[in-house]
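The file protein_1.csv comes next; it holds CSV, C-alpha atoms.
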chain,number,residue,atom,x,y,z
W,6,MET,CA,199.1,45.0,0.4
W,7,ARG,CA,196.9,47.5,-1.4
W,8,GLY,CA,196.3,48.3,-5.1
W,9,ALA,CA,194.1,50.9,-6.8
W,10,TYR,CA,191.8,50.0,-9.8
W,11,PHE,CA,189.9,52.1,-12.3
W,12,LEU,CA,186.2,51.0,-12.3
W,13,GLY,CA,185.1,53.5,-15.0
W,14,ASP,CA,182.8,56.5,-14.7
W,15,GLU,CA,185.5,58.4,-12.7
W,16,LYS,CA,185.6,55.8,-9.9
W,17,ILE,CA,188.7,54.2,-8.3
W,18,VAL,CA,188.7,51.6,-5.6
W,19,VAL,CA,191.6,50.5,-3.4
W,20,MET,CA,191.6,46.8,-2.7
W,21,ASP,CA,193.6,44.3,-0.7
W,22,ILE,CA,195.7,42.1,-3.1
W,23,PRO,CA,198.4,39.5,-2.7
W,24,LYS,CA,202.0,40.6,-2.5
W,25,PRO,CA,203.9,39.1,-5.5
W,26,ASP,CA,207.3,37.3,-5.3
W,27,PRO,CA,210.0,38.1,-7.8
W,28,GLY,CA,211.1,35.3,-10.2
W,29,SER,CA,214.1,35.1,-12.3
W,30,GLY,CA,215.1,38.5,-13.8
W,31,GLU,CA,212.4,40.2,-11.8
W,32,VAL,CA,212.5,43.0,-9.1
W,33,LEU,CA,210.0,43.8,-6.4
W,34,LEU,CA,209.7,47.5,-5.8
W,35,GLU,CA,208.4,49.0,-2.6
W,36,MET,CA,206.5,51.9,-4.1
W,37,GLN,CA,207.2,55.4,-2.7
W,38,ALA,CA,205.5,57.6,-5.2
W,39,SER,CA,203.2,57.1,-8.2
W,40,GLY,CA,202.4,60.0,-10.5
W,41,ILE,CA,199.0,60.8,-12.1
W,42,CYS,CA,199.1,61.5,-15.8
W,43,GLY,CA,196.5,62.7,-18.4
W,44,SER,CA,196.9,59.4,-20.1
W,45,ASP,CA,195.1,57.9,-17.1
W,46,PHE,CA,191.9,59.7,-18.1
W,47,ARG,CA,191.1,57.1,-20.8
W,48,ARG,CA,190.5,54.5,-18.1
W,49,TYR,CA,189.3,56.9,-15.4
W,50,ARG,CA,186.5,58.2,-17.6
W,51,GLN,CA,185.7,55.0,-19.5
W,52,PRO,CA,182.1,54.0,-19.1
W,53,SER,CA,181.8,51.4,-16.3
W,54,SER,CA,179.7,49.2,-18.6
W,55,GLU,CA,182.8,48.7,-20.8
W,56,VAL,CA,185.0,47.7,-17.9
W,57,ASN,CA,185.8,44.0,-17.7
W,58,PRO,CA,186.3,43.1,-14.0
W,59,ASP,CA,188.3,40.0,-15.0
W,60,THR,CA,191.0,42.0,-16.7
W,61,LEU,CA,191.4,44.9,-14.3
W,62,LYS,CA,195.0,46.0,-13.8
W,63,VAL,CA,196.4,48.3,-11.0
W,64,GLY,CA,196.7,51.8,-12.4
W,65,GLY,CA,199.6,54.2,-12.5
W,66,HIS,CA,202.4,54.4,-15.1
W,67,GLU,CA,204.8,56.7,-13.2
W,68,PRO,CA,206.3,54.4,-10.6
W,69,CYS,CA,209.1,55.3,-8.3
W,70,GLY,CA,210.4,53.4,-5.2
W,71,VAL,CA,212.9,51.3,-3.5
W,72,VAL,CA,214.1,47.8,-4.4
W,73,ALA,CA,212.6,45.4,-1.8
W,74,GLU,CA,213.6,42.1,-3.3
W,75,VAL,CA,215.4,40.7,-6.4
W,76,GLY,CA,214.9,37.4,-8.2
W,77,GLY,CA,217.5,35.1,-9.5
W,78,GLY,CA,220.0,36.4,-12.0
W,79,VAL,CA,219.4,40.1,-11.2
W,80,THR,CA,222.7,42.0,-11.0
W,81,ASN,CA,221.9,45.5,-12.1
W,82,VAL,CA,220.1,46.5,-8.9
W,83,LYS,CA,220.0,45.4,-5.3
W,84,ALA,CA,217.8,45.7,-2.3
W,85,GLY,CA,217.7,49.2,-1.0
W,86,ASP,CA,218.4,50.9,-4.3
W,87,ARG,CA,216.2,53.9,-5.1
W,88,VAL,CA,214.8,53.5,-8.7
W,89,MET,CA,212.4,54.9,-11.2
W,90,MET,CA,210.7,52.5,-13.6
W,91,HIS,CA,210.6,52.8,-17.4
W,92,HIS,CA,207.0,51.6,-17.6
W,93,TYR,CA,207.3,49.5,-20.7
W,94,SER,CA,208.6,46.0,-21.6
W,95,GLY,CA,209.4,44.5,-25.0
W,96,CYS,CA,211.2,41.7,-26.7
W,97,ARG,CA,214.6,43.2,-26.0
W,98,GLN,CA,215.9,41.9,-29.4
W,99,CYS,CA,214.3,44.1,-32.1
W,100,ALA,CA,215.8,47.4,-33.4
W,101,MET,CA,213.6,49.5,-31.2
W,102,CYS,CA,214.3,47.6,-28.0
W,103,GLU,CA,218.0,47.7,-28.7
W,104,ILE,CA,218.0,51.5,-28.5
W,105,GLY,CA,215.9,51.5,-25.4
W,106,TYR,CA,212.5,52.4,-27.0
W,107,THR,CA,210.7,49.3,-25.7
W,108,GLN,CA,207.4,51.1,-26.1
W,109,MET,CA,208.0,50.9,-29.8
W,110,CYS,CA,208.9,47.1,-29.7
W,111,LEU,CA,208.3,45.6,-33.1
W,112,GLU,CA,207.0,42.4,-31.5
W,113,GLY,CA,204.6,44.1,-29.2
W,114,ARG,CA,204.9,45.9,-25.9
W,115,GLU,CA,203.5,45.7,-22.4
W,116,THR,CA,202.6,48.9,-20.6
W,117,TYR,CA,202.7,49.0,-16.8
W,118,GLY,CA,199.6,50.7,-15.5
W,119,PHE,CA,197.6,49.6,-18.5
W,120,THR,CA,198.2,46.1,-19.8
W,121,MET,CA,200.2,45.2,-16.6
W,122,ASP,CA,199.8,46.2,-13.0
W,123,GLY,CA,201.2,49.6,-12.4
W,124,GLY,CA,202.4,51.8,-9.6
W,125,HIS,CA,199.3,52.6,-7.6
W,126,GLN,CA,200.1,49.8,-5.1
W,127,ASP,CA,202.4,49.1,-2.2
W,128,PHE,CA,204.7,46.7,-4.1
W,129,LEU,CA,205.2,46.5,-7.9
W,130,LEU,CA,206.8,43.5,-9.7
W,131,VAL,CA,208.8,44.5,-12.8
W,132,PRO,CA,211.5,43.2,-15.1
W,133,ASP,CA,215.0,44.1,-13.8
W,134,TYR,CA,216.0,46.0,-16.9
W,135,THR,CA,213.2,48.5,-16.5
W,136,CYS,CA,214.7,49.9,-13.3
W,137,VAL,CA,216.6,53.1,-13.6
W,138,PRO,CA,218.7,54.3,-10.6
W,139,MET,CA,217.8,57.7,-9.2
W,140,PRO,CA,220.2,60.4,-8.2
W,141,GLU,CA,220.4,60.8,-4.5
W,142,ALA,CA,219.3,64.5,-4.7
W,143,LEU,CA,216.1,63.6,-6.5
W,144,SER,CA,212.9,63.1,-4.4
W,145,PHE,CA,210.6,60.2,-5.0
W,146,GLU,CA,207.8,62.6,-6.0
W,147,ALA,CA,210.1,64.2,-8.6
W,148,GLY,CA,211.2,60.8,-9.8
W,149,ALA,CA,207.6,59.8,-10.3
W,150,ALA,CA,206.9,62.9,-12.4
W,151,ILE,CA,210.0,62.3,-14.5
W,152,ALA,CA,209.0,58.7,-15.1
W,153,CYS,CA,206.4,59.9,-17.7
W,154,GLY,CA,205.1,63.4,-18.0
W,155,THR,CA,208.1,65.5,-17.2
W,156,GLY,CA,210.5,63.1,-19.0
W,157,THR,CA,208.2,63.3,-22.1
W,158,ALA,CA,208.4,67.1,-22.0
W,159,HIS,CA,212.2,67.1,-21.6
W,160,HIS,CA,212.8,65.0,-24.7
W,161,ALA,CA,210.2,66.9,-26.8
W,162,VAL,CA,212.0,70.2,-26.0
W,163,LYS,CA,215.3,68.6,-26.7
W,164,ARG,CA,214.2,67.6,-30.1
W,165,LEU,CA,213.1,71.2,-30.8
W,166,ALA,CA,216.5,72.4,-29.6
W,167,PRO,CA,215.6,76.0,-28.7
W,168,LYS,CA,218.5,78.4,-28.8
W,169,PRO,CA,219.0,81.0,-26.1
W,170,GLY,CA,216.8,84.0,-26.9
W,171,GLU,CA,214.4,82.1,-29.2
W,172,THR,CA,210.7,82.3,-28.5
W,173,VAL,CA,208.9,79.0,-27.6
W,174,ALA,CA,205.1,79.0,-27.4
W,175,VAL,CA,203.8,76.1,-25.3
W,176,PHE,CA,200.1,75.3,-25.8
W,177,GLY,CA,198.5,73.7,-22.7
W,178,GLN,CA,199.9,74.1,-19.2
W,179,GLY,CA,199.0,70.8,-17.7
W,180,PRO,CA,201.9,68.9,-16.1
W,181,VAL,CA,203.5,68.1,-19.5
W,182,GLY,CA,203.1,71.6,-20.8
W,183,LEU,CA,204.3,73.1,-17.6
W,184,SER,CA,207.4,70.8,-17.7
W,185,ALA,CA,208.0,71.9,-21.3
W,186,THR,CA,207.8,75.5,-20.2
W,187,MET,CA,210.3,74.8,-17.3
W,188,PHE,CA,212.8,73.0,-19.6
W,189,ALA,CA,212.6,75.5,-22.5
W,190,ALA,CA,213.2,78.4,-20.0
W,191,SER,CA,216.1,76.5,-18.5
W,192,MET,CA,217.7,76.4,-22.0
W,193,GLY,CA,217.5,80.2,-22.3
W,194,ALA,CA,214.3,80.4,-24.5
W,195,LYS,CA,211.7,83.1,-24.0
W,196,VAL,CA,208.6,81.0,-23.3
W,197,ILE,CA,205.0,82.1,-24.1
W,198,ALA,CA,202.6,79.9,-22.1
W,199,VAL,CA,199.1,79.4,-23.4
W,200,ASP,CA,196.2,78.0,-21.5
W,201,THR,CA,192.6,78.8,-20.3
W,202,ILE,CA,193.1,78.3,-16.6
W,203,ASP,CA,194.5,81.3,-14.6
W,204,SER,CA,196.1,79.2,-11.9
W,205,ARG,CA,198.1,77.2,-14.5
W,206,LEU,CA,199.2,80.3,-16.3
W,207,ALA,CA,200.4,81.7,-13.0
W,208,LEU,CA,202.3,78.5,-12.3
W,209,ALA,CA,203.8,78.7,-15.8
W,210,LYS,CA,205.2,82.1,-14.8
W,211,ASP,CA,206.7,80.6,-11.7
W,212,LEU,CA,208.4,78.0,-13.9
W,213,GLY,CA,210.0,80.5,-16.2
W,214,ALA,CA,207.4,81.7,-18.8
W,215,VAL,CA,208.1,85.4,-19.7
W,216,GLU,CA,204.5,85.9,-21.1
W,217,THR,CA,201.2,84.1,-20.7
W,218,VAL,CA,198.2,84.0,-23.0
W,219,ASP,CA,194.6,83.2,-21.9
W,220,ALA,CA,193.3,81.2,-24.8
W,221,SER,CA,189.7,81.5,-23.7
W,222,THR,CA,189.5,85.3,-24.2
W,223,LYS,CA,192.0,86.2,-26.9
W,224,ASP,CA,193.0,85.8,-30.5
W,225,VAL,CA,195.7,83.3,-29.6
W,226,VAL,CA,197.6,83.3,-32.9
W,227,GLY,CA,197.6,87.1,-33.1
W,228,VAL,CA,198.7,87.5,-29.6
W,229,VAL,CA,201.5,85.0,-29.8
W,230,LYS,CA,202.8,86.6,-33.0
W,231,GLU,CA,202.6,90.1,-31.4
W,232,ILE,CA,204.6,88.9,-28.3
W,233,ALA,CA,207.1,87.2,-30.6
W,234,GLY,CA,207.7,90.2,-32.7
W,235,GLY,CA,205.1,89.9,-35.5
W,236,ASP,CA,206.4,87.0,-37.6
W,237,GLY,CA,205.5,84.3,-35.1
W,238,SER,CA,207.3,82.2,-32.5
W,239,ASP,CA,210.5,80.4,-33.4
W,240,VAL,CA,209.2,77.2,-31.9
W,241,THR,CA,205.8,75.9,-30.8
W,242,LEU,CA,204.8,72.8,-28.8
W,243,ASP,CA,201.3,71.4,-28.4
W,244,ALA,CA,200.7,69.5,-25.2
W,245,THR,CA,196.9,69.4,-25.5
W,246,GLY,CA,196.0,67.0,-28.3
W,247,ILE,CA,193.0,69.3,-29.1
W,248,PRO,CA,192.5,69.7,-32.9
W,249,ASP,CA,192.0,73.5,-32.9
W,250,VAL,CA,194.9,74.0,-30.6
W,251,ARG,CA,197.2,72.0,-32.9
W,252,LEU,CA,196.2,74.4,-35.7
W,253,GLN,CA,197.0,77.3,-33.5
W,254,ALA,CA,200.4,75.9,-32.8
W,255,VAL,CA,201.1,75.6,-36.5
W,256,ASP,CA,199.7,79.0,-37.4
W,257,SER,CA,201.6,80.8,-34.5
W,258,VAL,CA,205.1,79.7,-35.6
W,259,ARG,CA,207.2,81.8,-38.0
W,260,VAL,CA,208.2,80.8,-41.5
W,261,TRP,CA,211.0,78.1,-41.2
W,262,GLY,CA,209.8,77.4,-37.6
W,263,ARG,CA,209.7,74.2,-35.7
W,264,VAL,CA,206.5,72.6,-34.2
W,265,CYS,CA,206.2,69.6,-31.9
W,266,PHE,CA,203.1,67.6,-31.2
W,267,VAL,CA,203.1,65.9,-27.8
W,268,GLY,CA,199.4,65.8,-26.8
W,269,GLU,CA,197.8,62.6,-28.0
W,270,GLY,CA,194.4,61.6,-29.4
W,271,ASN,CA,191.9,63.1,-31.8
W,272,THR,CA,192.3,63.9,-35.5
W,273,THR,CA,193.4,67.3,-37.0
W,274,THR,CA,193.1,68.5,-40.6
W,275,PHE,CA,195.7,70.8,-42.0
W,276,ASP,CA,196.0,72.7,-45.2
W,277,ILE,CA,199.3,71.0,-46.0
W,278,SER,CA,200.4,73.4,-48.7
W,279,ASP,CA,199.4,76.8,-47.1
W,280,GLN,CA,200.1,75.9,-43.5
W,281,ILE,CA,203.1,73.7,-43.7
W,282,ILE,CA,204.8,73.2,-47.1
W,283,HIS,CA,204.8,76.8,-48.3
W,284,ARG,CA,206.0,78.0,-44.9
W,285,GLN,CA,208.9,75.5,-44.8
W,286,LEU,CA,207.9,74.2,-41.3
W,287,THR,CA,209.6,71.3,-39.5
W,288,ILE,CA,207.0,69.2,-37.7
W,289,TYR,CA,208.0,66.8,-34.9
W,290,GLY,CA,206.0,64.1,-33.2
W,291,SER,CA,207.5,63.2,-29.8
W,292,TRP,CA,206.4,60.2,-27.7
W,293,THR,CA,207.8,59.7,-24.2
W,294,PHE,CA,211.5,58.7,-24.1
W,295,SER,CA,214.0,55.8,-24.1
W,296,LEU,CA,215.2,53.8,-21.2
W,297,GLY,CA,218.4,55.8,-21.2
W,298,GLY,CA,216.4,59.0,-21.7
W,299,LEU,CA,214.7,58.5,-18.3
W,300,ALA,CA,218.1,58.6,-16.6
W,301,GLU,CA,219.1,61.6,-18.7
W,302,THR,CA,216.1,63.6,-17.6
W,303,ALA,CA,216.7,62.7,-14.0
W,304,ASN,CA,220.3,63.9,-14.2
W,305,TYR,CA,219.3,67.1,-16.1
W,306,VAL,CA,216.7,68.0,-13.4
W,307,VAL,CA,219.3,67.6,-10.6
W,308,ASP,CA,222.3,69.2,-12.5
W,309,ASN,CA,220.2,72.2,-13.4
W,310,ASP,CA,218.3,72.5,-10.1
W,311,MET,CA,214.9,72.4,-11.8
W,312,PRO,CA,212.0,73.7,-9.6
W,313,MET,CA,210.2,70.4,-9.3
W,314,GLY,CA,208.7,71.5,-6.0
W,315,LYS,CA,206.8,74.2,-7.8
W,316,LEU,CA,205.6,71.8,-10.6
W,317,ILE,CA,204.3,69.3,-8.1
W,318,THR,CA,201.4,71.1,-6.4
W,319,HIS,CA,199.4,68.3,-4.7
W,320,THR,CA,200.3,65.0,-3.0
W,321,TYR,CA,197.9,62.4,-1.6
W,322,PRO,CA,198.2,59.1,0.2
W,323,LEU,CA,197.0,55.9,-1.6
W,324,ASP,CA,193.9,55.7,0.5
W,325,GLU,CA,192.8,59.2,-0.9
W,326,ILE,CA,193.6,58.4,-4.5
W,327,ASP,CA,190.0,59.1,-5.5
W,328,GLU,CA,190.4,62.6,-4.3
W,329,ALA,CA,193.8,62.9,-6.1
W,330,TYR,CA,192.2,62.1,-9.4
W,331,ARG,CA,189.3,64.5,-8.8
W,332,MET,CA,191.8,67.3,-8.1
W,333,PHE,CA,193.8,66.5,-11.2
W,334,ALA,CA,190.6,66.3,-13.4
W,335,SER,CA,189.5,69.7,-12.1
W,336,GLY,CA,192.4,71.4,-13.9
W,337,ALA,CA,193.2,73.4,-10.7
W,338,SER,CA,196.6,71.7,-10.1
W,339,GLY,CA,200.0,71.2,-11.5
W,340,LYS,CA,201.5,67.8,-11.1
W,341,VAL,CA,199.6,65.5,-8.7
W,342,VAL,CA,201.5,62.6,-7.1
W,343,VAL,CA,200.3,59.7,-4.9
W,344,GLU,CA,202.6,59.1,-2.0
W,345,ILE,CA,202.5,55.3,-1.3
W,346,GLY,CA,202.8,54.4,2.4
W,347,ARG,CA,202.1,58.0,3.5

Translate the structure of the given file into structure tokens.
Amino acid sequence: MRGAYFLGDEKIVVMDIPKPDPGSGEVLLEMQASGICGSDFRRYRQPSSEVNPDTLKVGGHEPCGVVAEVGGGVTNVKAGDRVMMHHYSGCRQCAMCEIGYTQMCLEGRETYGFTMDGGHQDFLLVPDYTCVPMPEALSFEAGAAIACGTGTAHHAVKRLAPKPGETVAVFGQGPVGLSATMFAASMGAKVIAVDTIDSRLALAKDLGAVETVDASTKDVVGVVKEIAGGDGSDVTLDATGIPDVRLQAVDSVRVWGRVCFVGEGNTTTFDISDQIIHRQLTIYGSWTFSLGGLAETANYVVDNDMPMGKLITHTYPLDEIDEAYRMFASGASGKVVVEIGR
């Protein structure tokens, strides 16, 4: 079987590796699709001089496939089941694990695609409890997208709870921001999509945005306020993690508005009194989703006929994964998914 590894300096290699056997409580997935996420860039762009070849792990933290084999004691899935994987494991006993947030395990977590081998391979060995059955109407490519980026966006928008007719400004129209645009529009919000790339702004329109703002050429805060009616957007969401853009998200929202930070990394300095306290803002941080939340997003996508086919703009076979990452890094795509076995 094959597995793809990040070597640093934007290089990926596909290697022949042994096929694992499931032990007690384990499941072997025959991978069908594995999504590419912005979080991968940390390892993709890491200097090769900092890469330890002895600790390399197969990349990919958006796995989706079919159960090939089950180990002893596994009763929740069987061979042939179509599943997504919640790409974390934890102690399963602490308060966070008990509510399905194994990524917040108080005893320490493992993350598949980072500290454990991930989905960019033909077969993936996982704990049985990380497997989430897929609705039959959901494609493997859509399931892979939901397994991180799209699921993350859904639960961030849920926390903001936009009401029909409210304005929602989404900053950044990569796959997470595009998904947030899509979900907020499905909930009846008037979405203002902000980005610097024309193709992504056009895609945001296709996914439900009523207005777009090119942040490279305009006074973003002023334009968002003008579109929203002068006082600012009811809700804003930052999917970029860029310090200046986070400030724009805060400054673009109206008094008593709600702001959600989803984009990770960097440090941002706010004038707490003037920008937040005196404007009575509610600020949310939203990080991925629970085990049950993965199933919830999958069902929402199917029940509401979400246009995942528009969101996913490029697919590549595993042997062309290097080109897949170059396409995603260019910014000229929506969601990019690796189709394993294609």

Exercise for the section: Determine the nearest neighbour of W:Arg263 from the options W:Ala190, W:Leu212, W:Cys42, W:Ala166, counting all atoms listed in the file. Expected result: W:Ala166

Handout entry: Shell of 10 Å around stretch 174-176 of chain W, all atoms listed in the file, local chain residues under 4 positions omitted, as a PyMOL selection string
Key = chain W and resi 181-186+189+194-201+209+214+216-218+220+225+229-230+232-233+237-247+250-251+253-254+257-258+264-266+268

Handout entry: Proximity to W:Ser53 - best of W:Asp26, W:Asp133, W:Asp219, W:Glu15, all atoms listed in the file
Key = W:Glu15

Handout entry: Between atom CA of W:Tyr93 and atom CA of W:Gly290 - distance in Å to one decimal
Key =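 Separating atom CA of W:Gly290 from atom CA of W:Tyr93 is a distance of 19.3 Å.
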
Handout entry: Pairwise distance for atom CA of W:Ile281 and atom CA of W:Asp256, rounded to one decimal in Å
Key = 8.9 Å
